[in-house]
Amino acid sequence: MNGNDIIANDAFYAKYAMDLDRAAYAIGGGNSLMAGALRSRSTNPDLTWEKTYQTNVGFDASLLNNRLSLSFDYFHKRTDDMLVEKPYIATIGEGGYCWYNGGSMVNKGFEISAEWRQSLNKDFSYSVGLNVTAMKNEVTDLMKDIYYTWGGGNGIDKSIVGHALGSWLGYKTDGVFRTQEEVDAYMARYNVSFGSPAVGRVRYVDANGDGEINDRDRTWLGTDLPKAQFGLSFGANWKQFDLSLFFSSISRDAWNNSKYYTDFFPLWTGNHGTQLLGAAKAYDRYLQTGYYDSSVPAPSIDNNNKENEGSDYYIEDGSFLRLKTLSLGYTLPKNIQNKLKMQNARVYFQAQNLLTLTSYSGADPEGLGYPYALPRQYTFGIQFGF
């Protein structure tokens with residue numbers, strides 16, 4: 001069992017701050033103000049550390065004259081008395097925020113690694129390694145006061161309890177409206193109080209099945225926590241040549257924040273994506289044919305359809321396979337090294353982030369959000385010793 005005290009060291013105490021703006025008072029009257037103190041945080045005398053209970057079970061094995069190495073680890077990590085802040089009612093006044101022990105969470109999963117090493121003859125040897133990690137996270141309990149609000153809940157009837165930390169709450173969508181007939185049928189079927197259906201606009205799903213399209217249709221859409229992570233390494237030596245490759249991969253969903261700026265014309269005033277040019281041409285074709293043939297919403301000067309609200313339109317498959325490192329080297333033969341009075345003389349070429357396979361349309365599937373795309377790097381080098 002481990003403790004967690006990552007919050008401020010003085011979180012246990014009530015705090016007051018001198019403030020001339022909000023706590024000043026003209027003692028004795030007149031225009032001369034004296035700075036006063038106001039409460040900036042309340043105390044919780046029952047506050048304790050988070051408590052994390054972790055159990056690991058695993059084994060390591062070497063087989064076939066050490067050519068095959070295996071490792072397996074299963075872990076179960078339960079966190080109780082999670083440190084959280086909860087909203088406070090206005091009648092408490094200034095400084096009502098306070099830390100509480102208010103929830104529980106579970107992380108569980110496994111890690112497997114395997115490596116095969118073999119020498120086929122005196123000139124050639126190779127190795128292949130694979131590791132796989134899979135984990136599931138779940139918030140299992142929250143205190144009553146924040147049960148439907150903390151972690152992204154809707155404050156009414158949807159709690160993050162039972163879902164992963166960082167899960168998204170938003171609207172499910174079903175593409176865009178292609179024809180006016182689709183819009184008319186949708187309006188006839190649903191009582192619409194959220195959004196403004198039209199050709200080229202995102203179509204929202206009646207997630208709770210009550211025949212209405214409103215904010216009660218927001219539901220849990222998943223998380224960008226990895227479902228599984230993979231690593232694959234390969235190494236080979238042939239005479240004086242050596243080669244090594246390392247691949248990394250993650251399987252997960254991803255929230256592509258950049259779509260807010262690239263796909264929706266009225267949501268901000270900066271640059272937009274070139275896909276809006278294609279959407280504009282698709283709308284021109286719709287005016288001629290009656291069918292909108294783009295999956296990107298049509299350009300619009302307003303946001304009546306509330307497309308700035310979180311929805312699965314922003315969610316993509318964020319899985320990827322990346323060749324992280326490739327290294328090729330040549331070590332000078334011993335007789336040449338001896339003549340040059342050198343040791344371990346080696347010439348090499350190395351490349352990083354050489355290849356990425358993904359369907360994710362954002363800048364980089366490995367670092368979500370607004371990262372700089374990882375550059376390809378090429379290095380030529382010489383290693384030697386005297």
# chains A, B, ... in the order shown; residues from 1 in each chain; ligands from 1
call {"tool": "residues_around", "arguments": {"residues": "stretch 84-100 of chain A", "least_positions_apart": "3", "cutoff": "9 Å", "atoms": "only C-alpha atoms", "output": "list in words"}}
result
Ile7, Ala11, Phe12, Ala14, Lys15, Tyr16, Leu38, Arg39, Ser40, Arg41, Ser42, Thr43, Asn44, Asp46, Leu47, Thr48, Asp81, Gly103, Asp145, Ile146, Thr149 and Trp150 of chain A
call {"tool": "select_by_dssp", "arguments": {"residues": "stretch 271-383 of chain A", "states": "alpha helix (DSSP H)", "output": "PyMOL selection string"}}
result
chain A and resi 275-289+334-339
call {"tool": "residues_around", "arguments": {"residues": "stretch 270-276 of chain A", "least_positions_apart": "3", "cutoff": "12 Å", "atoms": "only C-alpha atoms", "output": "PDB file with all heavy atoms, in the first residue's frame"}}
result
ATOM      1  N   GLY A 200     -26.029  19.116 -45.361  1.00  0.00           N
ATOM      2  CA  GLY A 200     -24.636  19.440 -45.112  1.00  0.00           C
ATOM      3  C   GLY A 200     -24.285  19.616 -43.654  1.00  0.00           C
ATOM      4  O   GLY A 200     -23.125  19.829 -43.314  1.00  0.00           O
ATOM      5  N   SER A 258      -7.990  19.423 -33.739  1.00  0.00           N
ATOM      6  CA  SER A 258      -7.786  20.328 -34.870  1.00  0.00           C
ATOM      7  C   SER A 258      -9.009  20.428 -35.765  1.00  0.00           C
ATOM      8  O   SER A 258      -9.157  21.406 -36.507  1.00  0.00           O
ATOM      9  CB  SER A 258      -6.574  19.874 -35.694  1.00  0.00           C
ATOM     10  OG  SER A 258      -6.769  18.585 -36.226  1.00  0.00           O
ATOM     11  N   LYS A 259      -9.918  19.461 -35.717  1.00  0.00           N
ATOM     12  CA  LYS A 259     -11.118  19.537 -36.552  1.00  0.00           C
ATOM     13  C   LYS A 259     -11.983  20.744 -36.206  1.00  0.00           C
ATOM     14  O   LYS A 259     -12.718  21.255 -37.053  1.00  0.00           O
ATOM     15  CB  LYS A 259     -11.948  18.246 -36.405  1.00  0.00           C
ATOM     16  CG  LYS A 259     -11.408  17.066 -37.175  1.00  0.00           C
ATOM     17  CD  LYS A 259     -12.396  15.920 -37.152  1.00  0.00           C
ATOM     18  CE  LYS A 259     -11.988  14.805 -38.093  1.00  0.00           C
ATOM     19  NZ  LYS A 259     -13.002  13.729 -38.142  1.00  0.00           N
ATOM     20  N   TYR A 260     -11.915  21.181 -34.965  1.00  0.00           N
ATOM     21  CA  TYR A 260     -12.668  22.363 -34.543  1.00  0.00           C
ATOM     22  C   TYR A 260     -12.285  23.559 -35.405  1.00  0.00           C
ATOM     23  O   TYR A 260     -13.121  24.400 -35.741  1.00  0.00           O
ATOM     24  CB  TYR A 260     -12.362  22.636 -33.070  1.00  0.00           C
ATOM     25  CG  TYR A 260     -13.073  23.829 -32.473  1.00  0.00           C
ATOM     26  CD1 TYR A 260     -14.300  23.685 -31.837  1.00  0.00           C
ATOM     27  CD2 TYR A 260     -12.505  25.097 -32.527  1.00  0.00           C
ATOM     28  CE1 TYR A 260     -14.945  24.777 -31.277  1.00  0.00           C
ATOM     29  CE2 TYR A 260     -13.133  26.191 -31.967  1.00  0.00           C
ATOM     30  CZ  TYR A 260     -14.359  26.020 -31.345  1.00  0.00           C
ATOM     31  OH  TYR A 260     -14.991  27.105 -30.791  1.00  0.00           O
ATOM     32  N   TYR A 261     -11.022  23.636 -35.792  1.00  0.00           N
ATOM     33  CA  TYR A 261     -10.519  24.766 -36.563  1.00  0.00           C
ATOM     34  C   TYR A 261     -10.542  24.513 -38.065  1.00  0.00           C
ATOM     35  O   TYR A 261     -10.730  25.439 -38.852  1.00  0.00           O
ATOM     36  CB  TYR A 261      -9.086  25.093 -36.127  1.00  0.00           C
ATOM     37  CG  TYR A 261      -8.975  25.349 -34.649  1.00  0.00           C
ATOM     38  CD1 TYR A 261      -8.553  24.354 -33.778  1.00  0.00           C
ATOM     39  CD2 TYR A 261      -9.316  26.589 -34.114  1.00  0.00           C
ATOM     40  CE1 TYR A 261      -8.460  24.583 -32.416  1.00  0.00           C
ATOM     41  CE2 TYR A 261      -9.229  26.823 -32.752  1.00  0.00           C
ATOM     42  CZ  TYR A 261      -8.802  25.817 -31.915  1.00  0.00           C
ATOM     43  OH  TYR A 261      -8.728  26.047 -30.566  1.00  0.00           O
ATOM     44  N   THR A 262     -10.326  23.273 -38.477  1.00  0.00           N
ATOM     45  CA  THR A 262     -10.194  22.991 -39.903  1.00  0.00           C
ATOM     46  C   THR A 262     -11.522  22.716 -40.603  1.00  0.00           C
ATOM     47  O   THR A 262     -11.682  23.030 -41.774  1.00  0.00           O
ATOM     48  CB  THR A 262      -9.267  21.784 -40.123  1.00  0.00           C
ATOM     49  OG1 THR A 262      -9.831  20.629 -39.461  1.00  0.00           O
ATOM     50  CG2 THR A 262      -7.880  22.056 -39.558  1.00  0.00           C
ATOM     51  N   ASP A 263     -12.504  22.120 -39.881  1.00  0.00           N
ATOM     52  CA  ASP A 263     -13.705  21.613 -40.544  1.00  0.00           C
ATOM     53  C   ASP A 263     -14.930  22.504 -40.410  1.00  0.00           C
ATOM     54  O   ASP A 263     -15.923  22.269 -41.107  1.00  0.00           O
ATOM     55  CB  ASP A 263     -14.065  20.225 -39.991  1.00  0.00           C
ATOM     56  CG  ASP A 263     -13.078  19.160 -40.438  1.00  0.00           C
ATOM     57  OD1 ASP A 263     -11.960  19.525 -40.843  1.00  0.00           O
ATOM     58  OD2 ASP A 263     -13.421  17.968 -40.383  1.00  0.00           O
ATOM     59  N   PHE A 264     -14.886  23.510 -39.525  1.00  0.00           N
ATOM     60  CA  PHE A 264     -16.089  24.318 -39.271  1.00  0.00           C
ATOM     61  C   PHE A 264     -15.754  25.797 -39.440  1.00  0.00           C
ATOM     62  O   PHE A 264     -15.026  26.378 -38.632  1.00  0.00           O
ATOM     63  CB  PHE A 264     -16.631  24.039 -37.867  1.00  0.00           C
ATOM     64  CG  PHE A 264     -17.022  22.599 -37.660  1.00  0.00           C
ATOM     65  CD1 PHE A 264     -16.183  21.721 -36.982  1.00  0.00           C
ATOM     66  CD2 PHE A 264     -18.216  22.115 -38.162  1.00  0.00           C
ATOM     67  CE1 PHE A 264     -16.544  20.401 -36.801  1.00  0.00           C
ATOM     68  CE2 PHE A 264     -18.586  20.788 -37.985  1.00  0.00           C
ATOM     69  CZ  PHE A 264     -17.744  19.934 -37.310  1.00  0.00           C
ATOM     70  N   PHE A 265     -16.306  26.384 -40.477  1.00  0.00           N
ATOM     71  CA  PHE A 265     -15.947  27.756 -40.838  1.00  0.00           C
ATOM     72  C   PHE A 265     -16.298  28.782 -39.759  1.00  0.00           C
ATOM     73  O   PHE A 265     -15.501  29.677 -39.479  1.00  0.00           O
ATOM     74  CB  PHE A 265     -16.639  28.136 -42.154  1.00  0.00           C
ATOM     75  CG  PHE A 265     -16.228  29.476 -42.674  1.00  0.00           C
ATOM     76  CD1 PHE A 265     -15.028  29.645 -43.340  1.00  0.00           C
ATOM     77  CD2 PHE A 265     -17.047  30.585 -42.485  1.00  0.00           C
ATOM     78  CE1 PHE A 265     -14.645  30.881 -43.813  1.00  0.00           C
ATOM     79  CE2 PHE A 265     -16.670  31.824 -42.948  1.00  0.00           C
ATOM     80  CZ  PHE A 265     -15.456  31.972 -43.618  1.00  0.00           C
ATOM     81  N   PRO A 266     -17.474  28.733 -39.099  1.00  0.00           N
ATOM     82  CA  PRO A 266     -17.830  29.829 -38.191  1.00  0.00           C
ATOM     83  C   PRO A 266     -17.250  29.723 -36.780  1.00  0.00           C
ATOM     84  O   PRO A 266     -17.449  30.631 -35.976  1.00  0.00           O
ATOM     85  CB  PRO A 266     -19.357  29.738 -38.140  1.00  0.00           C
ATOM     86  CG  PRO A 266     -19.645  28.283 -38.289  1.00  0.00           C
ATOM     87  CD  PRO A 266     -18.588  27.772 -39.247  1.00  0.00           C
ATOM     88  N   LEU A 267     -16.541  28.655 -36.459  1.00  0.00           N
ATOM     89  CA  LEU A 267     -16.133  28.455 -35.079  1.00  0.00           C
ATOM     90  C   LEU A 267     -14.941  29.309 -34.677  1.00  0.00           C
ATOM     91  O   LEU A 267     -14.694  29.512 -33.490  1.00  0.00           O
ATOM     92  CB  LEU A 267     -15.827  26.973 -34.820  1.00  0.00           C
ATOM     93  CG  LEU A 267     -17.020  26.023 -35.000  1.00  0.00           C
ATOM     94  CD1 LEU A 267     -16.661  24.632 -34.502  1.00  0.00           C
ATOM     95  CD2 LEU A 267     -18.264  26.535 -34.295  1.00  0.00           C
ATOM     96  N   ALA A 279     -15.753  20.800 -49.447  1.00  0.00           N
ATOM     97  CA  ALA A 279     -17.135  20.830 -48.957  1.00  0.00           C
ATOM     98  C   ALA A 279     -17.941  21.908 -49.665  1.00  0.00           C
ATOM     99  O   ALA A 279     -19.136  21.727 -49.950  1.00  0.00           O
ATOM    100  CB  ALA A 279     -17.131  21.057 -47.447  1.00  0.00           C
ATOM    101  N   ALA A 280     -17.306  23.058 -49.961  1.00  0.00           N
ATOM    102  CA  ALA A 280     -18.005  24.128 -50.676  1.00  0.00           C
ATOM    103  C   ALA A 280     -18.386  23.681 -52.083  1.00  0.00           C
ATOM    104  O   ALA A 280     -19.496  23.958 -52.577  1.00  0.00           O
ATOM    105  CB  ALA A 280     -17.129  25.375 -50.726  1.00  0.00           C
ATOM    106  N   LYS A 281     -17.485  22.984 -52.752  1.00  0.00           N
ATOM    107  CA  LYS A 281     -17.789  22.464 -54.092  1.00  0.00           C
ATOM    108  C   LYS A 281     -18.895  21.412 -54.031  1.00  0.00           C
ATOM    109  O   LYS A 281     -19.745  21.342 -54.917  1.00  0.00           O
ATOM    110  CB  LYS A 281     -16.529  21.884 -54.716  1.00  0.00           C
ATOM    111  CG  LYS A 281     -15.463  22.928 -55.019  1.00  0.00           C
ATOM    112  CD  LYS A 281     -14.207  22.280 -55.587  1.00  0.00           C
ATOM    113  CE  LYS A 281     -13.142  23.341 -55.878  1.00  0.00           C
ATOM    114  NZ  LYS A 281     -11.895  22.731 -56.401  1.00  0.00           N
ATOM    115  N   ALA A 282     -18.879  20.595 -52.950  1.00  0.00           N
ATOM    116  CA  ALA A 282     -19.935  19.586 -52.792  1.00  0.00           C
ATOM    117  C   ALA A 282     -21.290  20.247 -52.621  1.00  0.00           C
ATOM    118  O   ALA A 282     -22.316  19.737 -53.121  1.00  0.00           O
ATOM    119  CB  ALA A 282     -19.615  18.686 -51.598  1.00  0.00           C
ATOM    120  N   TYR A 283     -21.334  21.383 -51.919  1.00  0.00           N
ATOM    121  CA  TYR A 283     -22.616  22.076 -51.744  1.00  0.00           C
ATOM    122  C   TYR A 283     -23.084  22.696 -53.061  1.00  0.00           C
ATOM    123  O   TYR A 283     -24.280  22.733 -53.354  1.00  0.00           O
ATOM    124  CB  TYR A 283     -22.506  23.148 -50.669  1.00  0.00           C
ATOM    125  CG  TYR A 283     -23.862  23.619 -50.178  1.00  0.00           C
ATOM    126  CD1 TYR A 283     -24.570  22.866 -49.255  1.00  0.00           C
ATOM    127  CD2 TYR A 283     -24.448  24.784 -50.672  1.00  0.00           C
ATOM    128  CE1 TYR A 283     -25.823  23.270 -48.816  1.00  0.00           C
ATOM    129  CE2 TYR A 283     -25.694  25.201 -50.242  1.00  0.00           C
ATOM    130  CZ  TYR A 283     -26.372  24.438 -49.309  1.00  0.00           C
ATOM    131  OH  TYR A 283     -27.615  24.837 -48.880  1.00  0.00           O
ATOM    132  N   SER A 294     -20.265  15.060 -49.653  1.00  0.00           N
ATOM    133  CA  SER A 294     -19.050  15.190 -48.842  1.00  0.00           C
ATOM    134  C   SER A 294     -19.338  14.745 -47.411  1.00  0.00           C
ATOM    135  O   SER A 294     -20.450  14.923 -46.905  1.00  0.00           O
ATOM    136  CB  SER A 294     -18.553  16.643 -48.848  1.00  0.00           C
ATOM    137  OG  SER A 294     -17.474  16.797 -47.953  1.00  0.00           O
ATOM    138  N   SER A 295     -18.327  14.171 -46.760  1.00  0.00           N
ATOM    139  CA  SER A 295     -18.472  13.795 -45.351  1.00  0.00           C
ATOM    140  C   SER A 295     -18.089  14.937 -44.425  1.00  0.00           C
ATOM    141  O   SER A 295     -18.279  14.849 -43.214  1.00  0.00           O
ATOM    142  CB  SER A 295     -17.611  12.570 -45.035  1.00  0.00           C
ATOM    143  OG  SER A 295     -16.247  12.827 -45.306  1.00  0.00           O
ATOM    144  N   VAL A 296     -17.536  16.028 -44.966  1.00  0.00           N
ATOM    145  CA  VAL A 296     -17.202  17.222 -44.196  1.00  0.00           C
ATOM    146  C   VAL A 296     -18.399  18.162 -44.226  1.00  0.00           C
ATOM    147  O   VAL A 296     -18.987  18.397 -45.285  1.00  0.00           O
ATOM    148  CB  VAL A 296     -15.963  17.928 -44.785  1.00  0.00           C
ATOM    149  CG1 VAL A 296     -15.658  19.216 -44.024  1.00  0.00           C
ATOM    150  CG2 VAL A 296     -14.762  16.995 -44.746  1.00  0.00           C
ATOM    151  N   PRO A 297     -18.822  18.702 -43.079  1.00  0.00           N
ATOM    152  CA  PRO A 297     -19.980  19.610 -43.066  1.00  0.00           C
ATOM    153  C   PRO A 297     -19.793  20.779 -44.022  1.00  0.00           C
ATOM    154  O   PRO A 297     -18.690  21.275 -44.238  1.00  0.00           O
ATOM    155  CB  PRO A 297     -20.026  20.080 -41.605  1.00  0.00           C
ATOM    156  CG  PRO A 297     -19.388  18.981 -40.841  1.00  0.00           C
ATOM    157  CD  PRO A 297     -18.309  18.444 -41.716  1.00  0.00           C
ATOM    158  N   ALA A 298     -20.904  21.203 -44.611  1.00  0.00           N
ATOM    159  CA  ALA A 298     -20.858  22.306 -45.569  1.00  0.00           C
ATOM    160  C   ALA A 298     -20.449  23.600 -44.871  1.00  0.00           C
ATOM    161  O   ALA A 298     -20.811  23.831 -43.716  1.00  0.00           O
ATOM    162  CB  ALA A 298     -22.224  22.476 -46.235  1.00  0.00           C
ATOM    163  N   PRO A 299     -19.681  24.460 -45.546  1.00  0.00           N
ATOM    164  CA  PRO A 299     -19.336  25.756 -44.951  1.00  0.00           C
ATOM    165  C   PRO A 299     -20.594  26.561 -44.639  1.00  0.00           C
ATOM    166  O   PRO A 299     -21.580  26.516 -45.380  1.00  0.00           O
ATOM    167  CB  PRO A 299     -18.502  26.433 -46.038  1.00  0.00           C
ATOM    168  CG  PRO A 299     -17.979  25.315 -46.870  1.00  0.00           C
ATOM    169  CD  PRO A 299     -19.056  24.272 -46.863  1.00  0.00           C
ATOM    170  N   SER A 300     -20.568  27.267 -43.521  1.00  0.00           N
ATOM    171  CA  SER A 300     -21.726  28.045 -43.083  1.00  0.00           C
ATOM    172  C   SER A 300     -21.222  29.289 -42.367  1.00  0.00           C
ATOM    173  O   SER A 300     -20.125  29.288 -41.800  1.00  0.00           O
ATOM    174  CB  SER A 300     -22.600  27.207 -42.146  1.00  0.00           C
ATOM    175  OG  SER A 300     -23.614  27.988 -41.564  1.00  0.00           O
ATOM    176  N   SER A 361      -5.913  11.825 -38.736  1.00  0.00           N
ATOM    177  CA  SER A 361      -5.697  12.985 -39.600  1.00  0.00           C
ATOM    178  C   SER A 361      -5.077  14.175 -38.873  1.00  0.00           C
ATOM    179  O   SER A 361      -4.848  15.217 -39.496  1.00  0.00           O
ATOM    180  CB  SER A 361      -7.025  13.421 -40.237  1.00  0.00           C
ATOM    181  OG  SER A 361      -7.957  13.862 -39.252  1.00  0.00           O
ATOM    182  N   GLY A 362      -4.814  14.043 -37.571  1.00  0.00           N
ATOM    183  CA  GLY A 362      -4.202  15.136 -36.829  1.00  0.00           C
ATOM    184  C   GLY A 362      -2.703  15.210 -37.058  1.00  0.00           C
ATOM    185  O   GLY A 362      -2.133  14.506 -37.904  1.00  0.00           O
TER     186      GLY A 362
END
call {"tool": "select_by_dssp", "arguments": {"residues": "stretch 300-351 of chain A", "states": "strand (DSSP E or B)", "output": "JSON, numbers by chain"}}
result
{"A": [311, 315, 316, 317, 320, 321, 322, 323, 324, 325, 326, 327, 328, 329, 330, 331, 343, 344, 345, 346, 347, 348, 349, 350, 351]}
call {"tool": "residues_around", "arguments": {"residues": "A:Asp253", "least_positions_apart": "4", "cutoff": "7 Å", "atoms": "only C-alpha atoms", "output": "NGL selection string"}}
result
:A and (223-224 or 315-319)
call {"tool": "closest_residue", "arguments": {"among": "A:Ala345, A:Met82, A:Met135, A:Leu328", "to": "A:Met105", "atoms": "only C-alpha atoms"}}
result
A:Met82
call {"tool": "residues_around", "arguments": {"residues": "stretch 156-161 of chain A", "least_positions_apart": "3", "cutoff": "8 Å", "atoms": "only C-alpha atoms", "output": "PyMOL selection string"}}
result
chain A and resi 138-142+147-153+164-165+167+219
call {"tool": "residues_around", "arguments": {"residues": "A:Pro375", "least_positions_apart": "2", "cutoff": "9 Å", "atoms": "only C-alpha atoms", "output": "number ranges by chain"}}
result
A: 352-354, 372-373, 377
call {"tool": "closest_residue", "arguments": {"among": "A:Asn65, A:Ser104, A:Asn214, A:Asn305", "to": "A:Ser193", "atoms": "only C-alpha atoms"}}
result
A:Asn214
call {"tool": "closest_residue", "arguments": {"among": "A:Tyr313, A:Tyr292, A:Trp49, A:Tyr186", "to": "A:Val199", "atoms": "only C-alpha atoms"}}
result
A:Tyr292
call {"tool": "closest_residue", "arguments": {"among": "A:Ser32, A:Leu340, A:Asp210, A:Leu63", "to": "A:Gly385", "atoms": "only C-alpha atoms"}}
result
A:Leu340
call {"tool": "residues_around", "arguments": {"residues": "A:Tyr126", "least_positions_apart": "6", "cutoff": "8 Å", "atoms": "only C-alpha atoms", "output": "list in words"}}
result
Arg117, Gln118, Ser119, Phe234, Gly235, Ala236 and Asn237 of chain A
call {"tool": "atom_distance", "arguments": {"atom1": "atom CA of A:Asp80", "atom2": "atom CA of A:Gly102"}}
result
8.3 Å
call {"tool": "atom_distance", "arguments": {"atom1": "atom CA of A:Gly166", "atom2": "atom CA of A:Trp220"}}
result
10.6 Å
call {"tool": "closest_residue", "arguments": {"among": "A:Arg285, A:Arg376, A:Arg67, A:Lys339", "to": "A:Leu326", "atoms": "only C-alpha atoms"}}
result
A:Arg376
call {"tool": "atom_distance", "arguments": {"atom1": "atom CA of A:Asn208", "atom2": "atom CA of A:Lys306"}}
result
18.8 Å
